[in-house]
$ cat target25.txt   # compact mmCIF, C-alpha atoms
# COMPACT_ATOMS: atom_id res chain seq x y z
CA MET A 1 0.00 0.00 0.00
CA THR A 2 2.81 2.43 0.92
CA SER A 3 4.65 1.85 -2.37
CA PHE A 4 1.42 2.58 -4.29
CA PHE A 5 1.07 5.98 -2.64
CA ASN A 6 4.76 6.72 -3.21
CA TYR A 7 4.12 6.61 -6.98
CA ILE A 8 0.54 7.85 -7.02
CA TYR A 9 1.35 11.09 -8.90
CA ASP A 10 3.20 9.17 -11.61
CA ILE A 11 0.38 6.61 -11.84
CA ASN A 12 -2.09 9.47 -12.30
CA LEU A 13 -0.09 10.98 -15.16
CA LEU A 14 0.30 7.55 -16.83
CA LEU A 15 -3.43 6.87 -16.46
CA ILE A 16 -4.33 10.16 -18.14
CA ALA A 17 -1.84 9.68 -20.97
CA GLY A 18 -2.60 5.99 -21.50
CA LEU A 19 -6.39 6.29 -21.43
CA GLY A 20 -6.28 9.52 -23.41
CA LEU A 21 -4.11 8.15 -26.21
CA GLY A 22 -6.02 4.87 -26.24
CA LEU A 23 -9.39 6.54 -26.67
CA ASN A 24 -7.89 9.03 -29.11
CA TYR A 25 -7.40 6.23 -31.65
CA TYR A 26 -11.11 5.48 -31.51
CA LYS A 27 -12.75 7.95 -33.90
CA PRO A 28 -16.55 7.61 -33.58
CA SER A 29 -18.55 8.63 -36.62
CA ASP A 30 -21.32 10.46 -34.80
CA LEU A 31 -21.38 13.20 -32.18
CA LYS A 32 -23.20 11.13 -29.55
CA LYS A 33 -20.51 8.44 -29.46
CA SER A 34 -17.80 11.11 -29.42
CA ASN A 35 -19.42 12.73 -26.37
CA ILE A 36 -19.68 9.35 -24.64
CA LYS A 37 -15.94 8.88 -25.23
CA LYS A 38 -15.28 12.25 -23.55
CA ILE A 39 -17.51 11.38 -20.60
CA ILE A 40 -15.76 8.02 -20.08
CA PHE A 41 -12.33 9.64 -20.10
CA LEU A 42 -13.27 12.55 -17.82
CA SER A 43 -15.13 10.25 -15.41
CA VAL A 44 -12.28 7.75 -15.01
CA THR A 45 -9.49 10.31 -14.70
CA GLY A 46 -11.66 12.58 -12.56
CA ALA A 47 -12.42 9.75 -10.15
CA PHE A 48 -8.72 8.96 -9.68
CA MET A 49 -7.82 12.64 -9.25
CA LEU A 50 -10.59 12.91 -6.64
CA PHE A 51 -9.14 9.89 -4.85
CA ILE A 52 -5.72 11.59 -4.74
CA PHE A 53 -7.25 14.85 -3.52
CA VAL A 54 -9.37 13.28 -0.78
CA SER A 55 -7.13 10.47 0.50
CA ARG A 56 -4.14 12.75 1.18
CA TYR A 57 -3.28 13.69 4.72
CA GLY A 58 -1.53 16.77 6.07
CA ILE A 59 0.20 17.78 2.81
CA GLY A 60 -0.06 21.27 1.39
CA PHE A 61 0.57 24.31 3.58
CA ASP A 62 -3.16 24.98 4.00
CA TYR A 63 -4.42 21.43 4.50
CA PHE A 64 -5.48 22.02 8.11
CA ASN A 65 -6.25 25.70 7.63
CA TYR A 66 -9.36 24.98 5.55
CA TYR A 67 -10.70 22.79 8.32
CA THR A 68 -10.17 25.68 10.72
CA LEU A 69 -12.07 27.93 8.31
CA LEU A 70 -14.92 25.39 8.19
CA ASN A 71 -15.31 25.60 11.96
CA GLN A 72 -15.05 29.37 11.94
CA CYS A 73 -17.64 29.88 9.19
CA LYS A 74 -20.30 27.76 10.86
CA THR A 75 -20.36 30.17 13.83
CA PHE A 76 -21.43 33.07 11.60
CA SER A 77 -24.91 33.68 10.20
CA PHE A 78 -25.41 33.73 6.42
CA LEU A 79 -26.04 37.46 6.61
CA GLU A 80 -22.75 38.05 8.40
CA LEU A 81 -20.87 35.94 5.86
CA LEU A 82 -22.50 37.73 2.92
CA THR A 83 -21.60 41.13 4.37
CA TYR A 84 -17.87 40.32 4.61
CA LYS A 85 -17.89 39.74 8.40
CA GLY A 86 -16.63 36.17 8.08
CA PRO A 87 -13.02 34.96 7.93
CA VAL A 88 -12.94 34.73 4.09
CA GLU A 89 -14.75 36.10 1.06
CA PRO A 90 -18.55 35.54 1.18
CA GLY A 91 -18.86 33.07 -1.71
CA PHE A 92 -16.41 30.61 -0.23
CA ALA A 93 -17.55 31.30 3.34
CA VAL A 94 -21.15 30.41 2.47
CA LEU A 95 -19.95 27.23 0.76
CA LEU A 96 -18.04 26.19 3.88
CA LYS A 97 -21.05 26.96 6.10
CA LEU A 98 -23.26 24.77 3.89
CA ILE A 99 -20.68 21.98 4.14
CA SER A 100 -20.65 22.37 7.94
CA PHE A 101 -24.35 21.38 7.99
CA ILE A 102 -23.36 18.07 6.40
CA THR A 103 -20.12 17.21 8.17
CA ASN A 104 -17.44 18.26 10.60
CA ASP A 105 -14.98 15.72 9.25
CA ILE A 106 -11.93 17.00 7.37
CA VAL A 107 -11.95 14.12 4.86
CA ILE A 108 -15.64 14.58 3.98
CA MET A 109 -15.06 18.32 3.70
CA TYR A 110 -12.32 17.75 1.13
CA LEU A 111 -14.47 15.15 -0.63
CA ILE A 112 -17.21 17.75 -1.18
CA LEU A 113 -14.74 20.47 -2.22
CA GLY A 114 -12.98 18.04 -4.55
CA ILE A 115 -16.23 16.98 -6.23
CA ILE A 116 -17.23 20.61 -6.81
CA MET A 117 -13.80 21.55 -8.15
CA LEU A 118 -13.55 18.60 -10.54
CA LEU A 119 -17.13 19.03 -11.75
CA VAL A 120 -16.43 22.65 -12.68
CA LEU A 121 -13.13 21.72 -14.35
CA ASN A 122 -14.49 18.74 -16.28
CA ILE A 123 -17.63 20.56 -17.42
CA TYR A 124 -15.39 23.26 -18.86
CA ILE A 125 -13.07 20.75 -20.55
CA TYR A 126 -16.03 18.77 -21.92
CA LYS A 127 -17.62 21.90 -23.34
CA TYR A 128 -14.64 23.82 -24.70
CA SER A 129 -11.56 21.62 -25.09
CA THR A 130 -10.83 20.22 -28.56
CA GLU A 131 -8.61 17.51 -27.01
CA PRO A 132 -9.89 16.71 -23.47
CA TRP A 133 -7.06 14.29 -22.67
CA VAL A 134 -4.47 17.00 -23.44
CA SER A 135 -6.30 19.47 -21.17
CA VAL A 136 -6.41 17.03 -18.24
CA TYR A 137 -2.79 15.99 -18.80
CA LEU A 138 -1.64 19.63 -18.74
CA PHE A 139 -3.77 20.34 -15.66
CA VAL A 140 -1.72 17.72 -13.83
CA GLY A 141 1.62 18.02 -15.64
CA PHE A 142 1.76 21.82 -15.38
CA GLY A 143 1.17 21.60 -11.62
CA PHE A 144 -2.37 22.96 -11.24
CA MET A 145 -3.51 19.87 -9.39
CA PHE A 146 -0.71 20.31 -6.86
CA GLY A 147 -1.79 23.93 -6.45
CA VAL A 148 -5.38 22.87 -5.76
CA MET A 149 -4.11 20.47 -3.09
CA ASN A 150 -2.39 23.37 -1.34
CA LEU A 151 -3.97 26.75 -2.09
CA PHE A 152 -7.45 25.48 -2.87
CA ARG A 153 -9.25 28.82 -3.09
CA GLN A 154 -6.64 30.49 -5.29
CA TYR A 155 -6.62 27.65 -7.79
CA PHE A 156 -10.33 26.91 -7.67
CA VAL A 157 -11.13 30.53 -8.52
CA ALA A 158 -8.76 30.27 -11.49
CA ILE A 159 -10.68 27.20 -12.69
CA VAL A 160 -13.98 29.11 -12.42
CA PHE A 161 -12.41 32.03 -14.30
CA LEU A 162 -11.89 29.76 -17.33
CA PHE A 163 -15.56 30.33 -18.14
CA ALA A 164 -14.86 34.08 -18.54
CA ILE A 165 -12.46 33.48 -21.46
CA LYS A 166 -15.30 32.88 -23.92
CA TYR A 167 -16.84 36.22 -22.98
CA ILE A 168 -13.56 38.03 -23.64
CA GLN A 169 -13.36 36.34 -27.03
CA ASN A 170 -16.98 37.22 -27.84
CA LYS A 171 -16.69 40.79 -26.46
CA ASN A 172 -19.46 40.23 -23.92
CA PHE A 173 -18.39 42.49 -21.05
CA CYS A 174 -21.53 41.99 -18.94
CA MET A 175 -21.10 38.22 -18.73
CA PHE A 176 -17.35 38.61 -18.24
CA LEU A 177 -18.03 40.97 -15.33
CA LEU A 178 -20.54 38.56 -13.83
CA VAL A 179 -18.09 35.62 -13.89
CA THR A 180 -15.30 37.82 -12.49
CA LEU A 181 -17.50 38.99 -9.60
CA ILE A 182 -18.43 35.38 -8.83
CA CYS A 183 -14.71 34.62 -8.76
CA ALA A 184 -14.06 37.63 -6.50
CA SER A 185 -16.64 36.27 -4.04
CA ILE A 186 -14.35 33.23 -3.69
CA HIS A 187 -11.06 35.13 -3.72
CA LYS A 188 -10.78 38.90 -4.12
CA SER A 189 -7.60 38.60 -6.20
CA ALA A 190 -9.92 37.99 -9.17
CA LEU A 191 -10.69 41.72 -9.29
CA ILE A 192 -7.24 42.45 -10.73
CA ILE A 193 -8.37 40.65 -13.90
CA LEU A 194 -11.00 43.27 -14.80
CA PRO A 195 -8.69 45.52 -16.87
CA VAL A 196 -7.49 42.51 -18.86
CA TYR A 197 -10.78 42.44 -20.76
CA PHE A 198 -9.74 45.57 -22.66
CA ILE A 199 -6.27 44.42 -23.73
CA ALA A 200 -6.53 40.63 -24.13
CA ARG A 201 -7.45 40.84 -27.82
CA LEU A 202 -4.36 42.80 -28.84
CA ASP A 203 -2.68 41.51 -31.98
CA ILE A 204 0.69 39.90 -31.35
CA ASN A 205 3.41 41.38 -33.57
CA TRP A 206 6.89 42.82 -33.14
CA LYS A 207 5.43 46.07 -31.74
CA THR A 208 3.35 44.43 -29.01
CA LEU A 209 6.16 41.97 -28.21
CA THR A 210 8.58 44.91 -27.83
CA PHE A 211 6.06 46.63 -25.58
CA PHE A 212 5.61 43.54 -23.40
CA GLY A 213 9.38 43.01 -23.23
CA SER A 214 9.96 46.61 -22.10
CA LEU A 215 7.12 46.35 -19.60
CA THR A 216 8.64 43.18 -18.12
CA LEU A 217 12.03 44.84 -17.72
CA LEU A 218 10.56 47.91 -16.01
CA ALA A 219 8.33 45.76 -13.78
CA TYR A 220 11.30 43.62 -12.76
CA ILE A 221 13.33 46.70 -11.82
CA PHE A 222 10.55 48.46 -9.89
CA CYS A 223 8.73 45.38 -8.59
CA ASP A 224 9.70 45.93 -4.94
CA TYR A 225 8.48 49.53 -4.95
CA ALA A 226 5.17 48.56 -6.58
CA ILE A 227 4.49 45.73 -4.12
CA ASN A 228 5.30 47.93 -1.14
CA PHE A 229 2.86 50.54 -2.44
CA ILE A 230 0.06 48.06 -3.18
CA THR A 231 0.43 46.21 0.13
CA GLN A 232 -0.13 49.43 2.02
CA TYR A 233 -3.79 49.06 1.03
CA ILE A 234 -4.43 45.36 0.27
CA TYR A 235 -2.65 42.21 1.43
CA THR A 236 -0.95 44.38 4.07
CA ASP A 237 0.49 41.30 5.78
CA TYR A 238 2.75 40.88 2.76
CA ASN A 239 4.30 44.34 2.85
CA LEU A 240 8.04 43.90 2.31
CA GLU A 241 8.92 46.19 5.22
CA THR A 242 6.15 45.86 7.83
CA GLY A 243 4.08 42.80 6.89
CA GLU A 244 3.83 39.86 9.28
CA LEU A 245 4.03 37.46 6.31
CA LYS A 246 6.87 39.19 4.47
CA ARG A 247 8.95 36.04 4.92
CA PHE A 248 6.78 34.45 2.22
CA MET A 249 7.63 37.17 -0.29
CA GLY A 250 10.82 35.60 -1.53
CA GLY A 251 11.24 34.55 -5.14
CA MET A 252 11.31 31.13 -6.74
CA PRO A 253 14.22 29.57 -8.67
CA TRP A 254 14.63 30.67 -12.29
CA GLN A 255 14.29 27.06 -13.45
CA PHE A 256 10.54 27.31 -12.85
CA VAL A 257 10.30 29.81 -15.74
CA ILE A 258 11.41 27.23 -18.34
CA VAL A 259 7.98 25.65 -18.91
CA PRO A 260 6.06 28.97 -19.14
CA PHE A 261 8.75 30.21 -21.55
CA ILE A 262 8.40 27.14 -23.82
CA TYR A 263 4.60 27.44 -23.62
CA CYS A 264 4.63 31.15 -24.52
CA LEU A 265 7.20 30.75 -27.31
CA THR A 266 5.19 27.91 -28.88
CA ALA A 267 1.96 29.92 -28.72
CA VAL A 268 3.56 32.96 -30.40
CA LEU A 269 5.29 30.89 -33.11
CA MET A 270 2.07 28.98 -33.81
CA LYS A 271 -0.01 32.15 -33.90
CA ASN A 272 -1.10 31.90 -37.54
CA LYS A 273 -2.25 28.28 -37.28
CA LEU A 274 -4.05 28.98 -34.01
CA LEU A 275 -5.87 32.00 -35.40
CA LYS A 276 -6.79 30.12 -38.55
CA LYS A 277 -8.46 27.48 -36.39
CA ASP A 278 -10.18 30.06 -34.16
CA PRO A 279 -9.63 33.85 -34.21
CA GLY A 280 -10.59 33.88 -30.52
CA ASN A 281 -7.30 32.13 -29.77
CA ILE A 282 -5.64 35.58 -29.80
CA VAL A 283 -6.88 35.89 -26.19
CA LEU A 284 -5.11 32.67 -25.21
CA ILE A 285 -1.89 33.77 -26.94
CA ASN A 286 -2.04 37.04 -25.00
CA PHE A 287 -2.59 35.07 -21.81
CA SER A 288 0.52 32.98 -22.53
CA ILE A 289 2.56 36.20 -22.68
CA TYR A 290 1.04 37.52 -19.43
CA THR A 291 1.90 34.15 -17.86
CA LEU A 292 5.56 34.41 -18.85
CA ILE A 293 5.80 38.01 -17.61
CA LEU A 294 4.36 37.12 -14.22
CA TRP A 295 6.52 34.01 -13.84
CA ILE A 296 9.61 36.08 -14.54
CA LEU A 297 8.48 38.50 -11.82
CA MET A 298 7.75 35.55 -9.51
CA THR A 299 11.49 34.93 -9.35
CA LYS A 300 11.46 38.03 -7.17
CA HIS A 301 8.09 37.64 -5.38
CA LEU A 302 6.12 34.41 -5.28
CA LEU A 303 2.94 36.23 -4.20
CA LEU A 304 2.36 37.09 -7.87
CA GLU A 305 1.42 33.45 -8.39
CA ARG A 306 -2.11 34.47 -7.37
CA ALA A 307 -2.35 36.68 -10.46
CA SER A 308 -0.53 34.30 -12.81
CA ASN A 309 -2.97 31.44 -12.13
CA PHE A 310 -5.77 33.23 -13.99
CA PHE A 311 -3.69 33.30 -17.17
CA TYR A 312 -1.56 30.17 -16.88
CA ILE A 313 -4.50 27.83 -16.38
CA SER A 314 -5.73 28.75 -19.87
CA SER A 315 -2.82 26.59 -21.09
CA ILE A 316 -5.09 23.57 -20.66
CA LEU A 317 -7.25 25.03 -23.43
CA LEU A 318 -4.50 26.44 -25.66
CA GLY A 319 -2.46 23.23 -25.42
CA ALA A 320 -5.46 21.29 -26.71
CA GLN A 321 -5.92 23.85 -29.52
CA LEU A 322 -2.26 23.50 -30.50
CA VAL A 323 -2.54 19.74 -30.84
CA SER A 324 -5.88 20.00 -32.60
CA CYS A 325 -4.73 22.49 -35.24
CA LEU A 326 -1.78 20.20 -36.11
CA ASN A 327 -4.00 17.15 -36.42
CA PRO A 328 -4.30 16.19 -40.11
CA ASP A 329 -7.59 17.55 -41.45
CA GLN A 330 -10.19 14.84 -41.97
CA ASN A 331 -11.01 16.52 -45.29
CA ILE A 332 -7.43 15.82 -46.46
CA LYS A 333 -7.74 12.16 -45.52
CA GLN A 334 -11.11 11.93 -47.25
CA ARG A 335 -9.69 13.62 -50.38
CA LEU A 336 -6.75 11.20 -50.28
CA ASP A 337 -9.07 8.20 -50.26
CA GLU A 338 -11.17 9.66 -53.07
CA ILE A 339 -8.15 10.18 -55.35
CA LYS A 340 -6.83 6.68 -54.61
CA ASN A 341 -10.19 5.19 -55.55
CA LEU A 342 -10.35 7.34 -58.68
CA ILE A 343 -6.85 6.29 -59.80
CA SER A 344 -7.73 2.64 -59.19
CA GLN A 345 -10.84 3.03 -61.31
CA MET A 346 -8.91 4.78 -64.08
CA LYS A 347 -6.39 1.93 -64.19
CA LYS A 348 -9.18 -0.63 -64.45
CA ASN A 349 -10.58 1.30 -67.40
CA ASN A 350 -7.11 1.42 -69.02
CA ASN A 351 -7.14 5.22 -68.80
CA LYS A 352 -3.37 5.81 -68.75
CA GLY A 353 -3.08 9.20 -70.38
CA LYS A 354 -2.36 12.64 -68.98
CA ALA A 355 -5.44 12.51 -66.76
CA LEU A 356 -3.95 9.58 -64.81
CA GLU A 357 -0.57 11.27 -64.63
CA SER A 358 -2.23 14.43 -63.26
CA LYS A 359 -4.10 12.47 -60.61
CA ASN A 360 -0.91 10.64 -59.54
CA HIS A 361 0.82 13.98 -59.18
CA GLU A 362 -2.10 15.31 -57.10
CA LEU A 363 -2.05 12.16 -54.98
CA LYS A 364 1.68 12.52 -54.28
CA LYS A 365 1.24 16.17 -53.29
CA ILE A 366 -1.60 15.43 -50.87
CA GLN A 367 0.28 12.44 -49.40
CA GLU A 368 3.26 14.69 -48.66
CA GLU A 369 0.99 17.29 -47.06
CA TYR A 370 -0.74 14.62 -44.99
CA SER A 371 2.56 13.01 -43.88
CA GLU A 372 4.03 16.36 -42.88
CA SER A 373 0.94 17.29 -40.91
CA LYS A 374 0.93 13.88 -39.20
CA ALA A 375 4.60 14.29 -38.24
CA TYR A 376 3.90 17.68 -36.65
CA TYR A 377 0.91 16.23 -34.83
CA VAL A 378 2.88 13.33 -33.36
CA THR A 379 5.74 15.68 -32.42
CA ALA A 380 3.30 17.96 -30.58
CA ILE A 381 1.83 15.05 -28.61
CA VAL A 382 5.25 13.64 -27.69
CA SER A 383 6.47 17.12 -26.67
CA ILE A 384 3.47 17.66 -24.39
CA LEU A 385 3.91 14.23 -22.80
CA ILE A 386 7.61 14.86 -22.13
CA LEU A 387 7.14 18.44 -20.94
CA GLY A 388 4.35 17.51 -18.52
CA PHE A 389 6.32 14.57 -17.13
CA LEU A 390 9.57 16.54 -16.71
CA ASN A 391 7.71 19.41 -15.06
CA GLN A 392 6.19 16.99 -12.56
CA VAL A 393 9.59 15.44 -11.86
CA PHE A 394 11.01 18.92 -11.33
CA ALA A 395 8.13 19.87 -9.01
CA THR A 396 8.68 16.65 -7.06
CA SER A 397 12.37 17.36 -6.56
CA HIS A 398 11.60 20.88 -5.28
CA GLY A 399 8.71 19.85 -3.00
CA ASN A 400 6.34 22.12 -4.92
CA HIS A 401 3.34 23.32 -2.82
CA ALA A 402 4.50 21.03 0.00
CA VAL A 403 2.54 18.09 -1.47
CA PHE A 404 5.61 15.88 -1.92
CA PRO A 405 6.04 13.17 -0.81
CA TYR A 406 2.42 12.05 -0.87
CA LYS A 407 0.95 11.10 2.50
CA SER A 408 -2.35 9.25 2.73
CA ILE A 409 -5.07 8.94 5.35
CA PHE A 410 -4.61 5.18 4.94
CA THR A 411 -0.90 5.16 5.82
CA ARG A 412 -0.57 8.42 7.76
CA GLU A 413 1.66 9.26 10.65
CA ARG A 414 -0.72 11.35 12.69
CA ASP A 415 0.12 14.97 13.38
CA THR A 416 -1.32 14.63 16.90
CA ASN A 417 -0.40 18.11 18.14
CA ARG A 418 -1.95 19.81 15.09
CA GLU A 419 -5.10 17.66 15.25
CA ASN A 420 -5.58 18.37 18.96
CA SER A 421 -5.13 22.09 18.34
CA ILE A 422 -7.79 22.05 15.62
CA LYS A 423 -10.10 19.96 17.79
CA GLN A 424 -9.80 22.50 20.63
CA ILE A 425 -10.62 25.37 18.27
CA SER A 426 -13.65 23.46 16.98
CA GLU A 427 -14.91 22.70 20.50
CA GLN A 428 -14.46 26.32 21.61
CA GLN A 429 -16.45 27.56 18.62
CA ASN A 430 -19.23 25.05 19.25
CA ASP A 431 -19.64 26.20 22.85
$ encode --input "target25.txt" --output "structure tokens"
Amino acid sequence: MTSFFNYIYDINLLLIAGLGLGLNYYKPSDLKKSNIKKIIFLSVTGAFMLFIFVSRYGIGFDYFNYYTLLNQCKTFSFLELLTYKGPVEPGFAVLLKLISFITNDIVIMYLILGIIMLLVLNIYIYKYSTEPWVSVYLFVGFGFMFGVMNLFRQYFVAIVFLFAIKYIQNKNFCMFLLVTLICASIHKSALIILPVYFIARLDINWKTLTFFGSLTLLAYIFCDYAINFITQYIYTDYNLETGELKRFMGGMPWQFVIVPFIYCLTAVLMKNKLLKKDPGNIVLINFSIYTLILWILMTKHLLLERASNFFYISSILLGAQLVSCLNPDQNIKQRLDEIKNLISQMKKNNNKGKALESKNHELKKIQEEYSESKAYYVTAIVSILILGFLNQVFATSHGNHAVFPYKSIFTRERDTNRENSIKQISEQQND
């Protein structure tokens, strides 16, 4: 049992890749069967991810803190929670109070939160992802699952924000605002996304890239001054000079920027193909640039991760789009089959003139186009598999989000002092 949990993250990644690639070879002819294939994949992988999320014990900096919040929220009335008198933002506070009516057990609490989180994520992937298995694989491989296991609110709100992307693409500010306000009711950091609506459709060319490069340089130089100014008014505990939590304001190693850099570079280089598939992808390309900028700045101050999540998580959609736009067009394959059949028929009819020669030339040209497209498609899939795996290995070696090594409720070494402390808080609040 212990050895199983030691490799549970790797097993999860292999399950997603194996099941995803296996089902990917099955190409149903009608939409209903295609949707059933998606549901099977998302259900199986979602169930295993839920198992990982729920059966963990004591890993992630905030594992016990959410249980403390559960006990705090149940002492407030709904009116108090909705008027910002509770310990956290009203949307999440009300959710915890509703959970407190059902259970006071930390495992059941995480079971309910995990079900809600994965339902929201999988509904989005089912509805909008062109390659669901790629989206789920990137969600795990790019570290978002580890983030959810630690900073649940910050990552859950980023998952909810995914639904706002469509409204940016469609220029529907009212619906974008509504989704953003829902997100802000879970974590107020979502409010910083509001101005993004007006710039996320900028065309990406040498002028905008020069602008973003200059902005990054200036932000890196004056980052400390900006954070000190901002934390005078919000997140005051993180002020670099006076904040009680300033010890958490250090930067992360530069190696963490490698994956966002590769992701951003690929998105920019593939711009034309992405826009040909869907002009709305310009928003996702912009988001990849914002991600890289923020991750560069995170080498100075890790707190900026809260802002980067809103942009970086869109990689689960853009990654799927990248693979999809490289996938050989079914029309090409159909045209290939038609020409082969036509040539075969012409040979049977002893038609060996210029018409046959022309068709052979056309066949050769389409075969080359199809082979080249197939090679790019396979390369993209292999690259994503390798990048996701290496990123997880790197996260493991650095103890990312304090969720490594995995500890389970089934094999746990009890943190007796911490549990007793939480129990005392709970009993005091129930009195």
$ atom_distance --input "target25.txt" --atom1 "CA of Ile165 in chain A" --atom2 "CA of Leu151 in chain A"
22.2 Å
$ closest_residue --input "target25.txt" --among "A:Ile193, A:Ala267, A:Met346, A:Met149" --to "Asp62 in chain A" --atoms "all atoms listed in the file"
A:Met149
$ residues_around --input "target25.txt" --residues "Gly319 in chain A" --least-positions-apart "4" --cutoff "8 Å" --atoms "all atoms listed in the file" --output "number ranges by chain"
A: 134-135, 138, 315, 323
$ residues_around --input "target25.txt" --residues "range 338-340 of chain A" --least-positions-apart "2" --cutoff "10 Å" --atoms "all atoms listed in the file" --output "PyMOL selection string"
chain A and resi 332-336+342-346+359-360+362-363+366
$ closest_residue --input "target25.txt" --among "A:Leu19, A:Ile123, A:Leu14, A:Ile282" --to "Val140 in chain A" --atoms "all atoms listed in the file"
A:Leu14
$ axis_aligned_box --input "target25.txt" --around "range 385-390 of chain A" --padding-each-side "4 Å" --output "AutoDock Vina command-line options"
--center_x 6.7 --center_y 16.3 --center_z -19.8 --size_x 13.7 --size_y 12.2 --size_z 14.1
$ closest_residue --input "target25.txt" --among "A:Asp224, A:Asp278, A:Glu305, A:Glu80" --to "Phe144 in chain A" --atoms "all atoms listed in the file"
A:Glu305
$ closest_residue --input "target25.txt" --among "A:Leu292, A:Cys73, A:Ile409, A:Met109" --to "Ile52 in chain A" --atoms "all atoms listed in the file"
A:Ile409
$ residues_around --input "target25.txt" --residues "range 254-265 of chain A" --least-positions-apart "4" --cutoff "12 Å" --atoms "all atoms listed in the file" --output "PyMOL selection string"
chain A and resi 138+141-143+204+209+269-271+284-302+305+308-309+311-316+318-319+322+380+383-384+386-395+397-398+400
$ write_last_selection --input "target25.txt" --atoms "C-alpha atoms" --output "PDB file, keeping the file's coordinate frame"
ATOM      1  CA  LEU A 138      -1.640  19.630 -18.740  1.00  0.00           C
ATOM      2  CA  GLY A 141       1.620  18.020 -15.640  1.00  0.00           C
ATOM      3  CA  PHE A 142       1.760  21.820 -15.380  1.00  0.00           C
ATOM      4  CA  GLY A 143       1.170  21.600 -11.620  1.00  0.00           C
ATOM      5  CA  ILE A 204       0.690  39.900 -31.350  1.00  0.00           C
ATOM      6  CA  LEU A 209       6.160  41.970 -28.210  1.00  0.00           C
ATOM      7  CA  LEU A 269       5.290  30.890 -33.110  1.00  0.00           C
ATOM      8  CA  MET A 270       2.070  28.980 -33.810  1.00  0.00           C
ATOM      9  CA  LYS A 271      -0.010  32.150 -33.900  1.00  0.00           C
ATOM     10  CA  LEU A 284      -5.110  32.670 -25.210  1.00  0.00           C
ATOM     11  CA  ILE A 285      -1.890  33.770 -26.940  1.00  0.00           C
ATOM     12  CA  ASN A 286      -2.040  37.040 -25.000  1.00  0.00           C
ATOM     13  CA  PHE A 287      -2.590  35.070 -21.810  1.00  0.00           C
ATOM     14  CA  SER A 288       0.520  32.980 -22.530  1.00  0.00           C
ATOM     15  CA  ILE A 289       2.560  36.200 -22.680  1.00  0.00           C
ATOM     16  CA  TYR A 290       1.040  37.520 -19.430  1.00  0.00           C
ATOM     17  CA  THR A 291       1.900  34.150 -17.860  1.00  0.00           C
ATOM     18  CA  LEU A 292       5.560  34.410 -18.850  1.00  0.00           C
ATOM     19  CA  ILE A 293       5.800  38.010 -17.610  1.00  0.00           C
ATOM     20  CA  LEU A 294       4.360  37.120 -14.220  1.00  0.00           C
ATOM     21  CA  TRP A 295       6.520  34.010 -13.840  1.00  0.00           C
ATOM     22  CA  ILE A 296       9.610  36.080 -14.540  1.00  0.00           C
ATOM     23  CA  LEU A 297       8.480  38.500 -11.820  1.00  0.00           C
ATOM     24  CA  MET A 298       7.750  35.550  -9.510  1.00  0.00           C
ATOM     25  CA  THR A 299      11.490  34.930  -9.350  1.00  0.00           C
ATOM     26  CA  LYS A 300      11.460  38.030  -7.170  1.00  0.00           C
ATOM     27  CA  HIS A 301       8.090  37.640  -5.380  1.00  0.00           C
ATOM     28  CA  LEU A 302       6.120  34.410  -5.280  1.00  0.00           C
ATOM     29  CA  GLU A 305       1.420  33.450  -8.390  1.00  0.00           C
ATOM     30  CA  SER A 308      -0.530  34.300 -12.810  1.00  0.00           C
ATOM     31  CA  ASN A 309      -2.970  31.440 -12.130  1.00  0.00           C
ATOM     32  CA  PHE A 311      -3.690  33.300 -17.170  1.00  0.00           C
ATOM     33  CA  TYR A 312      -1.560  30.170 -16.880  1.00  0.00           C
ATOM     34  CA  ILE A 313      -4.500  27.830 -16.380  1.00  0.00           C
ATOM     35  CA  SER A 314      -5.730  28.750 -19.870  1.00  0.00           C
ATOM     36  CA  SER A 315      -2.820  26.590 -21.090  1.00  0.00           C
ATOM     37  CA  ILE A 316      -5.090  23.570 -20.660  1.00  0.00           C
ATOM     38  CA  LEU A 318      -4.500  26.440 -25.660  1.00  0.00           C
ATOM     39  CA  GLY A 319      -2.460  23.230 -25.420  1.00  0.00           C
ATOM     40  CA  LEU A 322      -2.260  23.500 -30.500  1.00  0.00           C
ATOM     41  CA  ALA A 380       3.300  17.960 -30.580  1.00  0.00           C
ATOM     42  CA  SER A 383       6.470  17.120 -26.670  1.00  0.00           C
ATOM     43  CA  ILE A 384       3.470  17.660 -24.390  1.00  0.00           C
ATOM     44  CA  ILE A 386       7.610  14.860 -22.130  1.00  0.00           C
ATOM     45  CA  LEU A 387       7.140  18.440 -20.940  1.00  0.00           C
ATOM     46  CA  GLY A 388       4.350  17.510 -18.520  1.00  0.00           C
ATOM     47  CA  PHE A 389       6.320  14.570 -17.130  1.00  0.00           C
ATOM     48  CA  LEU A 390       9.570  16.540 -16.710  1.00  0.00           C
ATOM     49  CA  ASN A 391       7.710  19.410 -15.060  1.00  0.00           C
ATOM     50  CA  GLN A 392       6.190  16.990 -12.560  1.00  0.00           C
ATOM     51  CA  VAL A 393       9.590  15.440 -11.860  1.00  0.00           C
ATOM     52  CA  PHE A 394      11.010  18.920 -11.330  1.00  0.00           C
ATOM     53  CA  ALA A 395       8.130  19.870  -9.010  1.00  0.00           C
ATOM     54  CA  SER A 397      12.370  17.360  -6.560  1.00  0.00           C
ATOM     55  CA  HIS A 398      11.600  20.880  -5.280  1.00  0.00           C
ATOM     56  CA  ASN A 400       6.340  22.120  -4.920  1.00  0.00           C
TER      57      ASN A 400
END
$ closest_residue --input "target25.txt" --among "A:Tyr7, A:Phe222, A:Phe53, A:Tyr377" --to "Met145 in chain A" --atoms "only C-alpha atoms"
A:Phe53
$ closest_residue --input "target25.txt" --among "A:Phe156, A:Tyr167, A:Tyr66, A:Tyr233" --to "Val196 in chain A" --atoms "all atoms listed in the file"
A:Tyr167
